[in-house]
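See below for the structure under consideration.
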Amino acid sequence: MALDAETREQLISSVRRFVDERLRPIEDKVSETDMVPDEIVEEMKELGLFGISVPVEYGGLGLTMEEECLLMFELGRTSPAFRSVIGTNVGIGSQGIVMHGRQDQKEYWLPKIASGETIISFALTEPEAGSDAASLRTTAIRDGDHYIVNGTKRYITNANKAHAFTLMARTDPKTPGAKGVSAFVVPRDLPGIHVGKPEKKMGQQGAHICDVVFEDARIPADCLLGDEEGKGFITAMQVLERGRLHISAVCIGVADRLVEDSVKYAAERRQFGAPIGNLQLVQAMLADSKTEAYAGRCMVLDAARRRDAGEDVATESSCTKLFCSEAVGRIADRAVQVHGGAGYVADYGIERFYRDVRIFRIYEGTSQVQQVIIARNLLKAVS
C-alpha cells in the first residue's frame with residue numbers, strides 16, 4: 001500500500017537524518033570493531049526499518065517496492081554494514097513467508113520480523129551450490145511429523161544473530177534440479193543446527209556471514225513453507241528477483257555518497273595553485289560517476305514502479321542489478337583516483353567503500369548470472 005506524499009517524505013527525511021546524525025559519525029568505529037552498536041540496532045527498530053517490506057496487517061510498514069528503494073537510496077549513503085543489519089529481515093529472509101507462507105506462518109513470524117524481535121536469514125548458498133542454486137545438496141527427508149535435515153549452508157548473512165532461517169533443502173533426492181527443492185522456516189534453536197564463526201571478509205566489517213550446519217536436525221513438518229513440497233526453487237528465485245532491486249538501490253545510495261565525497265574533495269584539494277576540480281581530467285571522472293549514478297537511479301525507479309504495477313520485471317531487475325553493482329564499483333575506483341593518496345589510506349574512508357562495494361557484484365546472483373538471465377529471457381521471448 002503506497003504512502004501518501006507527506007508521510008513518505010517524512011519517512012525518507014527521518015532516515016536521511018538518522019544516516020547523517022547517527023550512522024556516518026561512527027562508520028570508522030564500526031569498521032574497526034566489526035560491530036554495529038546495540039543502541040543503533042534499537043534505533044533502527046524504533047524507526048520501523050526491520051519491517052518496511054512486511055505488510056501492515058502483520059505490523060510492518062508495507063512499503064511499495066518504489067518506496068523501499070527510495071529509503072535504500074538514503075540508507076546506502078553510509079557504510080553498507082548498517083543496511084545489512086536489517087537487510088535479511090526486509091528482503092531475502094522474510095519475503096518467502098510474505099509471498100508463499102501459510103496464514104499461520106505469516107501470523108506467527110511476520111510481526112516478530114517486522115519489529116526486529118526476530119532476525120531471520122536466508123539459507124540457500126552451499127559450498128558447491130551458489131550460482132547453481134538448483135544443484136543444492138542439503139536434504140530434508142520426511143520422517144513422520146518431522147523432516148531430518150543434513151547439509152551445510154555457506155556465507156549466510158546475519159546467521160550468528162538469526163533466530164530463524166528461511167531454508168532451501170532437497171526433499172526429493174531422486175528428483176534432480178529445481179523440482180526436488182522445498183523451502184522451510186526453521187527456528188535456529190532446534191537441536192542439530194550449528195552456526196559457525198563469522199568469516200573474515202574483504203569489506204563490510206560490522207556485517208557478518210557464517211556457515212550453518214545441519215546434522216540430523218529434526219525439523220517439525222509444519223516448518224515447510226506453504227502447503228507443498230517442491231516449490232522451494234520458485235520461492236528462492238522470486239525472493240532473489242525482488243532482492244535485486246533492493247540491492248541495486250543500495251548500490252546507488254553508496255554511489256551518491258562517493259560522488260558527493262569526491263566532488264567535495266576536488267573542490268577543496270589544491271594542486272598547481274588551484275583546486276584539482278579545475279582539472280579537466282578530474283572533471284571527467286566526476287562527470288562519468290555522476291552520469292552512472294543517475295542512470296542507475298532511473299533504472300531502479302523504473303523497474304520498481306513496473307513491479308508495483310504488477311508487471312513481470314525478471315529481466316529488468318537483472319538488468320538493474322547488473323548495471324548498478326558494476327557501476328558502483330567503477331565509481332568507487334574513480335573516487336580513490338580523485339582522492340589520490342588520500343583515497344588509499346583510511347582517513348577519508350574511501351578505501352573502505354572501495355572494499356565494501358565489491359560484494360555487490362556477487363550478492364543476489366553474480367553479474368555473470370544476471371547476464372545469463374537477461375540473455376535467456378530475451379531469447380525465450382522470440383522462441
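In the C-alpha cells, chains take letters A, B, ... by order of appearance, with residues numbered from 1 within each chain and ligands from 1 in the order shown.
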
For the strand (DSSP E) assignment from backbone DSSP, which residues of region 26-181 of chain A qualify? Please present them as a PyMOL selection string. chain A and resi 120-123+139-143+146-157+164-170+181

Prev. selection, N, CA, C and O atoms, output as an mmCIF file, in the first residue's frame:
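Heads up, here's the output in out.cif:
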```cif
data_model
loop_
_atom_site.group_PDB
_atom_site.id
_atom_site.type_symbol
_atom_site.label_atom_id
_atom_site.label_comp_id
_atom_site.auth_asym_id
_atom_site.auth_seq_id
_atom_site.Cartn_x
_atom_site.Cartn_y
_atom_site.Cartn_z
ATOM 1 N N ILE A 120 15.894 -12.974 10.861
ATOM 2 C CA ILE A 120 15.757 -14.147 10.013
ATOM 3 C C ILE A 120 16.750 -14.056 8.863
ATOM 4 O O ILE A 120 16.961 -12.989 8.291
ATOM 5 N N SER A 121 17.387 -15.180 8.563
ATOM 6 C CA SER A 121 18.375 -15.238 7.490
ATOM 7 C C SER A 121 17.897 -16.165 6.381
ATOM 8 O O SER A 121 16.979 -16.968 6.574
ATOM 9 N N PHE A 122 18.553 -16.080 5.243
ATOM 10 C CA PHE A 122 18.188 -16.842 4.046
ATOM 11 C C PHE A 122 19.270 -17.867 3.793
ATOM 12 O O PHE A 122 20.394 -17.517 3.414
ATOM 13 N N ALA A 123 18.955 -19.144 4.016
ATOM 14 C CA ALA A 123 19.947 -20.211 3.930
ATOM 15 C C ALA A 123 19.789 -20.957 2.614
ATOM 16 O O ALA A 123 19.092 -21.972 2.528
ATOM 17 N N THR A 139 19.677 -31.946 2.397
ATOM 18 C CA THR A 139 18.471 -32.758 2.279
ATOM 19 C C THR A 139 17.552 -32.557 3.481
ATOM 20 O O THR A 139 18.016 -32.312 4.605
ATOM 21 N N ALA A 140 16.271 -32.665 3.226
ATOM 22 C CA ALA A 140 15.244 -32.655 4.269
ATOM 23 C C ALA A 140 14.316 -33.833 3.971
ATOM 24 O O ALA A 140 13.464 -33.757 3.084
ATOM 25 N N ILE A 141 14.514 -34.936 4.684
ATOM 26 C CA ILE A 141 13.797 -36.175 4.415
ATOM 27 C C ILE A 141 12.665 -36.354 5.422
ATOM 28 O O ILE A 141 12.894 -36.307 6.640
ATOM 29 N N ARG A 142 11.465 -36.552 4.916
ATOM 30 C CA ARG A 142 10.289 -36.673 5.784
ATOM 31 C C ARG A 142 10.396 -37.933 6.645
ATOM 32 O O ARG A 142 10.720 -39.024 6.168
ATOM 33 N N ASP A 143 10.114 -37.755 7.939
ATOM 34 C CA ASP A 143 10.117 -38.845 8.899
ATOM 35 C C ASP A 143 8.964 -38.617 9.870
ATOM 36 O O ASP A 143 9.124 -37.964 10.905
ATOM 37 N N HIS A 146 8.145 -34.997 11.198
ATOM 38 C CA HIS A 146 9.350 -34.182 11.122
ATOM 39 C C HIS A 146 10.053 -34.401 9.787
ATOM 40 O O HIS A 146 9.731 -35.319 9.038
ATOM 41 N N TYR A 147 11.002 -33.501 9.515
ATOM 42 C CA TYR A 147 11.973 -33.695 8.447
ATOM 43 C C TYR A 147 13.337 -33.817 9.107
ATOM 44 O O TYR A 147 13.625 -33.105 10.093
ATOM 45 N N ILE A 148 14.170 -34.715 8.593
ATOM 46 C CA ILE A 148 15.551 -34.835 9.073
ATOM 47 C C ILE A 148 16.428 -34.080 8.082
ATOM 48 O O ILE A 148 16.497 -34.438 6.903
ATOM 49 N N VAL A 149 17.098 -33.023 8.562
ATOM 50 C CA VAL A 149 17.865 -32.135 7.682
ATOM 51 C C VAL A 149 19.353 -32.351 7.888
ATOM 52 O O VAL A 149 19.848 -32.352 9.031
ATOM 53 N N ASN A 150 20.068 -32.523 6.766
ATOM 54 C CA ASN A 150 21.525 -32.648 6.794
ATOM 55 C C ASN A 150 22.133 -31.824 5.663
ATOM 56 O O ASN A 150 21.646 -31.860 4.526
ATOM 57 N N GLY A 151 23.176 -31.100 5.981
ATOM 58 C CA GLY A 151 23.856 -30.305 4.966
ATOM 59 C C GLY A 151 24.486 -29.071 5.567
ATOM 60 O O GLY A 151 24.305 -28.752 6.741
ATOM 61 N N THR A 152 25.255 -28.367 4.731
ATOM 62 C CA THR A 152 25.950 -27.152 5.157
ATOM 63 C C THR A 152 25.572 -25.992 4.256
ATOM 64 O O THR A 152 25.585 -26.111 3.032
ATOM 65 N N LYS A 153 25.227 -24.882 4.871
ATOM 66 C CA LYS A 153 24.967 -23.636 4.156
ATOM 67 C C LYS A 153 26.136 -22.687 4.396
ATOM 68 O O LYS A 153 26.670 -22.620 5.509
ATOM 69 N N ARG A 154 26.503 -21.941 3.388
ATOM 70 C CA ARG A 154 27.726 -21.127 3.449
ATOM 71 C C ARG A 154 27.437 -19.660 3.168
ATOM 72 O O ARG A 154 26.559 -19.329 2.383
ATOM 73 N N TYR A 155 28.226 -18.777 3.829
ATOM 74 C CA TYR A 155 28.150 -17.327 3.624
ATOM 75 C C TYR A 155 26.751 -16.792 3.928
ATOM 76 O O TYR A 155 26.219 -15.960 3.187
ATOM 77 N N ILE A 156 26.166 -17.237 5.024
ATOM 78 C CA ILE A 156 24.793 -16.855 5.355
ATOM 79 C C ILE A 156 24.815 -15.561 6.175
ATOM 80 O O ILE A 156 25.294 -15.531 7.315
ATOM 81 N N THR A 157 24.303 -14.496 5.583
ATOM 82 C CA THR A 157 24.320 -13.183 6.214
ATOM 83 C C THR A 157 23.460 -13.174 7.478
ATOM 84 O O THR A 157 22.332 -13.672 7.475
ATOM 85 N N ALA A 164 15.974 -17.464 13.235
ATOM 86 C CA ALA A 164 15.317 -18.398 12.322
ATOM 87 C C ALA A 164 15.963 -18.286 10.941
ATOM 88 O O ALA A 164 16.627 -17.291 10.626
ATOM 89 N N PHE A 165 15.757 -19.316 10.133
ATOM 90 C CA PHE A 165 16.285 -19.353 8.775
ATOM 91 C C PHE A 165 15.172 -19.704 7.792
ATOM 92 O O PHE A 165 14.358 -20.587 8.067
ATOM 93 N N THR A 166 15.143 -18.996 6.665
ATOM 94 C CA THR A 166 14.396 -19.491 5.518
ATOM 95 C C THR A 166 15.349 -20.431 4.803
ATOM 96 O O THR A 166 16.341 -20.000 4.207
ATOM 97 N N LEU A 167 15.067 -21.727 4.895
ATOM 98 C CA LEU A 167 15.982 -22.781 4.457
ATOM 99 C C LEU A 167 15.512 -23.400 3.145
ATOM 100 O O LEU A 167 14.330 -23.722 2.994
ATOM 101 N N MET A 168 16.438 -23.568 2.224
ATOM 102 C CA MET A 168 16.180 -24.313 0.995
ATOM 103 C C MET A 168 16.875 -25.665 1.105
ATOM 104 O O MET A 168 18.086 -25.731 1.356
ATOM 105 N N ALA A 169 16.104 -26.753 0.933
ATOM 106 C CA ALA A 169 16.654 -28.099 1.061
ATOM 107 C C ALA A 169 15.943 -29.041 0.096
ATOM 108 O O ALA A 169 14.808 -28.803 -0.319
ATOM 109 N N ARG A 170 16.623 -30.113 -0.222
ATOM 110 C CA ARG A 170 16.100 -31.080 -1.187
ATOM 111 C C ARG A 170 15.254 -32.127 -0.450
ATOM 112 O O ARG A 170 15.779 -32.924 0.332
ATOM 113 N N VAL A 181 13.421 -29.361 -4.716
ATOM 114 C CA VAL A 181 13.804 -28.434 -3.648
ATOM 115 C C VAL A 181 12.556 -27.841 -2.975
ATOM 116 O O VAL A 181 11.613 -27.423 -3.654
#
```

Fewer than 4 positions away in the same chain doesn't count, so skip those; otherwise give me all residues within 12 Å of Ile362 (chain A), counting only C-alpha atoms, as a list in words.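 Within the cut-off, the hits are Thr125, Gly130, Ser131, Tyr155, Arg244, Ile247, Ser248, Lys321, Leu322, Ser325, Glu326, Gly329, Asp356, Val357, Arg358, Thr366, Ser367, Gln368, Val369 and Gln370 of chain A.
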
Restricting it to N, CA, C and O atoms, dump the selection as an mmCIF file, in the first residue's frame.
```
data_model
loop_
_atom_site.group_PDB
_atom_site.id
_atom_site.type_symbol
_atom_site.label_atom_id
_atom_site.label_comp_id
_atom_site.auth_asym_id
_atom_site.auth_seq_id
_atom_site.Cartn_x
_atom_site.Cartn_y
_atom_site.Cartn_z
ATOM 1 N N THR A 125 22.794 -20.665 -0.174
ATOM 2 C CA THR A 125 24.116 -20.976 -0.715
ATOM 3 C C THR A 125 24.789 -22.114 0.050
ATOM 4 O O THR A 125 24.694 -22.205 1.278
ATOM 5 N N GLY A 130 26.067 -22.296 -5.306
ATOM 6 C CA GLY A 130 25.867 -20.868 -5.101
ATOM 7 C C GLY A 130 25.045 -20.327 -6.244
ATOM 8 O O GLY A 130 23.823 -20.248 -6.187
ATOM 9 N N SER A 131 25.726 -19.996 -7.324
ATOM 10 C CA SER A 131 25.017 -19.528 -8.517
ATOM 11 C C SER A 131 24.109 -20.617 -9.079
ATOM 12 O O SER A 131 23.033 -20.328 -9.608
ATOM 13 N N TYR A 155 28.226 -18.777 3.829
ATOM 14 C CA TYR A 155 28.150 -17.327 3.624
ATOM 15 C C TYR A 155 26.751 -16.792 3.928
ATOM 16 O O TYR A 155 26.219 -15.960 3.187
ATOM 17 N N ARG A 244 17.066 -8.124 -5.855
ATOM 18 C CA ARG A 244 17.984 -7.451 -6.775
ATOM 19 C C ARG A 244 17.672 -5.964 -6.895
ATOM 20 O O ARG A 244 18.584 -5.145 -7.067
ATOM 21 N N ILE A 247 19.022 -4.361 -3.568
ATOM 22 C CA ILE A 247 20.475 -4.206 -3.593
ATOM 23 C C ILE A 247 20.887 -3.127 -4.583
ATOM 24 O O ILE A 247 21.817 -2.342 -4.336
ATOM 25 N N SER A 248 20.195 -3.045 -5.716
ATOM 26 C CA SER A 248 20.509 -2.011 -6.709
ATOM 27 C C SER A 248 20.336 -0.620 -6.110
ATOM 28 O O SER A 248 21.147 0.280 -6.353
ATOM 29 N N LYS A 321 20.275 -4.779 -11.499
ATOM 30 C CA LYS A 321 21.303 -5.292 -10.586
ATOM 31 C C LYS A 321 22.664 -5.333 -11.274
ATOM 32 O O LYS A 321 23.694 -4.949 -10.689
ATOM 33 N N LEU A 322 22.704 -5.804 -12.509
ATOM 34 C CA LEU A 322 23.961 -5.871 -13.253
ATOM 35 C C LEU A 322 24.569 -4.487 -13.404
ATOM 36 O O LEU A 322 25.752 -4.267 -13.089
ATOM 37 N N SER A 325 25.412 -2.611 -9.720
ATOM 38 C CA SER A 325 26.506 -3.184 -8.945
ATOM 39 C C SER A 325 27.848 -2.996 -9.653
ATOM 40 O O SER A 325 28.875 -2.763 -9.004
ATOM 41 N N GLU A 326 27.846 -3.075 -10.968
ATOM 42 C CA GLU A 326 29.081 -2.818 -11.711
ATOM 43 C C GLU A 326 29.421 -1.325 -11.680
ATOM 44 O O GLU A 326 30.596 -0.950 -11.542
ATOM 45 N N GLY A 329 31.061 -0.090 -8.476
ATOM 46 C CA GLY A 329 32.464 -0.488 -8.429
ATOM 47 C C GLY A 329 33.342 0.488 -9.189
ATOM 48 O O GLY A 329 34.428 0.873 -8.728
ATOM 49 N N ASP A 356 34.092 -2.268 0.380
ATOM 50 C CA ASP A 356 32.709 -2.613 0.732
ATOM 51 C C ASP A 356 31.850 -2.936 -0.484
ATOM 52 O O ASP A 356 31.017 -3.843 -0.446
ATOM 53 N N VAL A 357 32.034 -2.179 -1.558
ATOM 54 C CA VAL A 357 31.107 -2.323 -2.688
ATOM 55 C C VAL A 357 31.424 -3.528 -3.563
ATOM 56 O O VAL A 357 30.594 -3.910 -4.400
ATOM 57 N N ARG A 358 32.549 -4.164 -3.360
ATOM 58 C CA ARG A 358 32.918 -5.288 -4.236
ATOM 59 C C ARG A 358 31.920 -6.437 -4.145
ATOM 60 O O ARG A 358 31.661 -7.137 -5.132
ATOM 61 N N THR A 366 25.540 -13.321 -9.058
ATOM 62 C CA THR A 366 26.683 -12.597 -9.601
ATOM 63 C C THR A 366 26.322 -11.846 -10.883
ATOM 64 O O THR A 366 25.284 -12.097 -11.496
ATOM 65 N N SER A 367 27.213 -10.960 -11.293
ATOM 66 C CA SER A 367 26.996 -10.242 -12.553
ATOM 67 C C SER A 367 26.852 -11.213 -13.720
ATOM 68 O O SER A 367 26.052 -11.001 -14.638
ATOM 69 N N GLN A 368 27.618 -12.298 -13.666
ATOM 70 C CA GLN A 368 27.557 -13.270 -14.753
ATOM 71 C C GLN A 368 26.212 -13.999 -14.775
ATOM 72 O O GLN A 368 25.668 -14.288 -15.846
ATOM 73 N N VAL A 369 25.672 -14.284 -13.596
ATOM 74 C CA VAL A 369 24.340 -14.883 -13.532
ATOM 75 C C VAL A 369 23.295 -13.929 -14.106
ATOM 76 O O VAL A 369 22.381 -14.337 -14.836
ATOM 77 N N GLN A 370 23.431 -12.636 -13.788
ATOM 78 C CA GLN A 370 22.476 -11.661 -14.337
ATOM 79 C C GLN A 370 22.556 -11.623 -15.860
ATOM 80 O O GLN A 370 21.526 -11.544 -16.550
#
```

Would you list, as a PyMOL selection string, the residues of region 110-233 of chain A that end up in alpha helix (DSSP H) under DSSP run on this structure's backbone? chain A and resi 110-115+232-233

Between A:Ala159, A:Ala266, A:Val85, A:Met72, which one has atoms that come closest to Asp38 (chain A), using only C-alpha atoms?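 Of all the options, A:Val85 lies closest to Asp38 (chain A).
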
Considering only C-alpha atoms, tabulate each residue of region 11-98 of chain A that lies at most 9 Å from region 226-237 of chain A along with its nearest interatomic pair and the corresponding distance in Å to one decimal; arrange the rows by chain and ascending residue number and present them as a Markdown table.
```
| residue | atom | partner | partner_atom | distance |
| --- | --- | --- | --- | --- |
| A:Ile92 | CA | A:Ala236 | CA | 8.2 |
| A:Gln95 | CA | A:Thr235 | CA | 8.8 |
| A:Gly96 | CA | A:Thr235 | CA | 5.9 |
| A:Ile97 | CA | A:Gly226 | CA | 8.2 |
```

Limited to all heavy atoms, could you put the picked residues into a file as a compact mmCIF listing (two decimals), in the first residue's frame?
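The resulting file, out12.txt, is shown below:
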```
# COMPACT_ATOMS: atom_id res chain seq x y z
N ILE A 92 15.50 -11.05 1.64
CA ILE A 92 15.52 -12.48 1.34
C ILE A 92 15.08 -13.35 2.51
O ILE A 92 14.59 -14.45 2.30
CB ILE A 92 16.90 -12.90 0.84
CG1 ILE A 92 18.01 -12.50 1.81
CG2 ILE A 92 17.18 -12.32 -0.55
CD1 ILE A 92 19.41 -12.92 1.36
N GLN A 95 10.78 -12.48 2.77
CA GLN A 95 9.86 -12.37 1.64
C GLN A 95 9.32 -13.71 1.16
O GLN A 95 8.25 -13.77 0.55
CB GLN A 95 10.52 -11.61 0.50
CG GLN A 95 10.69 -10.13 0.79
CD GLN A 95 9.37 -9.47 1.19
OE1 GLN A 95 8.45 -9.41 0.38
NE2 GLN A 95 9.28 -8.99 2.41
N GLY A 96 10.01 -14.81 1.44
CA GLY A 96 9.44 -16.11 1.15
C GLY A 96 8.16 -16.34 1.93
O GLY A 96 7.17 -16.90 1.42
N ILE A 97 8.16 -15.91 3.19
CA ILE A 97 6.97 -16.03 4.03
C ILE A 97 5.86 -15.13 3.51
O ILE A 97 4.70 -15.53 3.41
CB ILE A 97 7.30 -15.69 5.50
CG1 ILE A 97 8.43 -16.57 6.01
CG2 ILE A 97 6.06 -15.84 6.38
CD1 ILE A 97 8.96 -16.17 7.38
```

Would you pick out the contacts of Ala327 (chain A) at 9 Å or less, using only C-alpha atoms, so that residues sharing its chain but fewer than 6 positions from it are not included, and give the list as number ranges by chain? A: 251-252, 255, 289, 292-293, 296

Excluding region 206-216 of chain A and any residue of its chain fewer than 2 positions from it, enumerate the residues within 9 Å of it, using only C-alpha atoms, and give them as a ChimeraX atom specification. /A:30-36,80-85,123,126,138,148-161,191-201,203-204,218

With distances taken over only C-alpha atoms, which of A:Gly116, A:Asp333, A:Gly365, A:Lys179 is nearest to Leu47 (chain A)?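 Going through A:Gly116, A:Asp333, A:Gly365, A:Lys179 one by one, the smallest distance to Leu47 (chain A) is for A:Gly116.
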
Considering only C-alpha atoms, state which residue in the set A:Ala162, A:Leu23, A:Ile350, A:Ala375 is at the smallest distance from Tyr265 (chain A).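 The answer is A:Ile350, which sits nearest to Tyr265 (chain A).
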
If we count only C-alpha atoms, what is near region 313-318 of chain A at a cut-off of 8 Å, once residues fewer than 2 positions away on the same chain are taken out, given as a VMD selection string? chain A and resid 241 to 242 244 to 245 303 306 to 307 311 320 to 322 370 to 371 373 to 374 377

Pairwise distance, CA of Val259 (chain A) with CA of Asp288 (chain A), equals 9.8 Å

One decimal, in Å: what's the spacing between CA of Arg257 (chain A) and CA of Arg77 (chain A)? 5.0 Å

For Leu70 (chain A), which residue among A:Leu11, A:Ala133, A:Ile219, A:Val19 is the nearest when counting only C-alpha atoms?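 Comparing A:Leu11, A:Ala133, A:Ile219, A:Val19 against Leu70 (chain A), the winner is A:Leu11.
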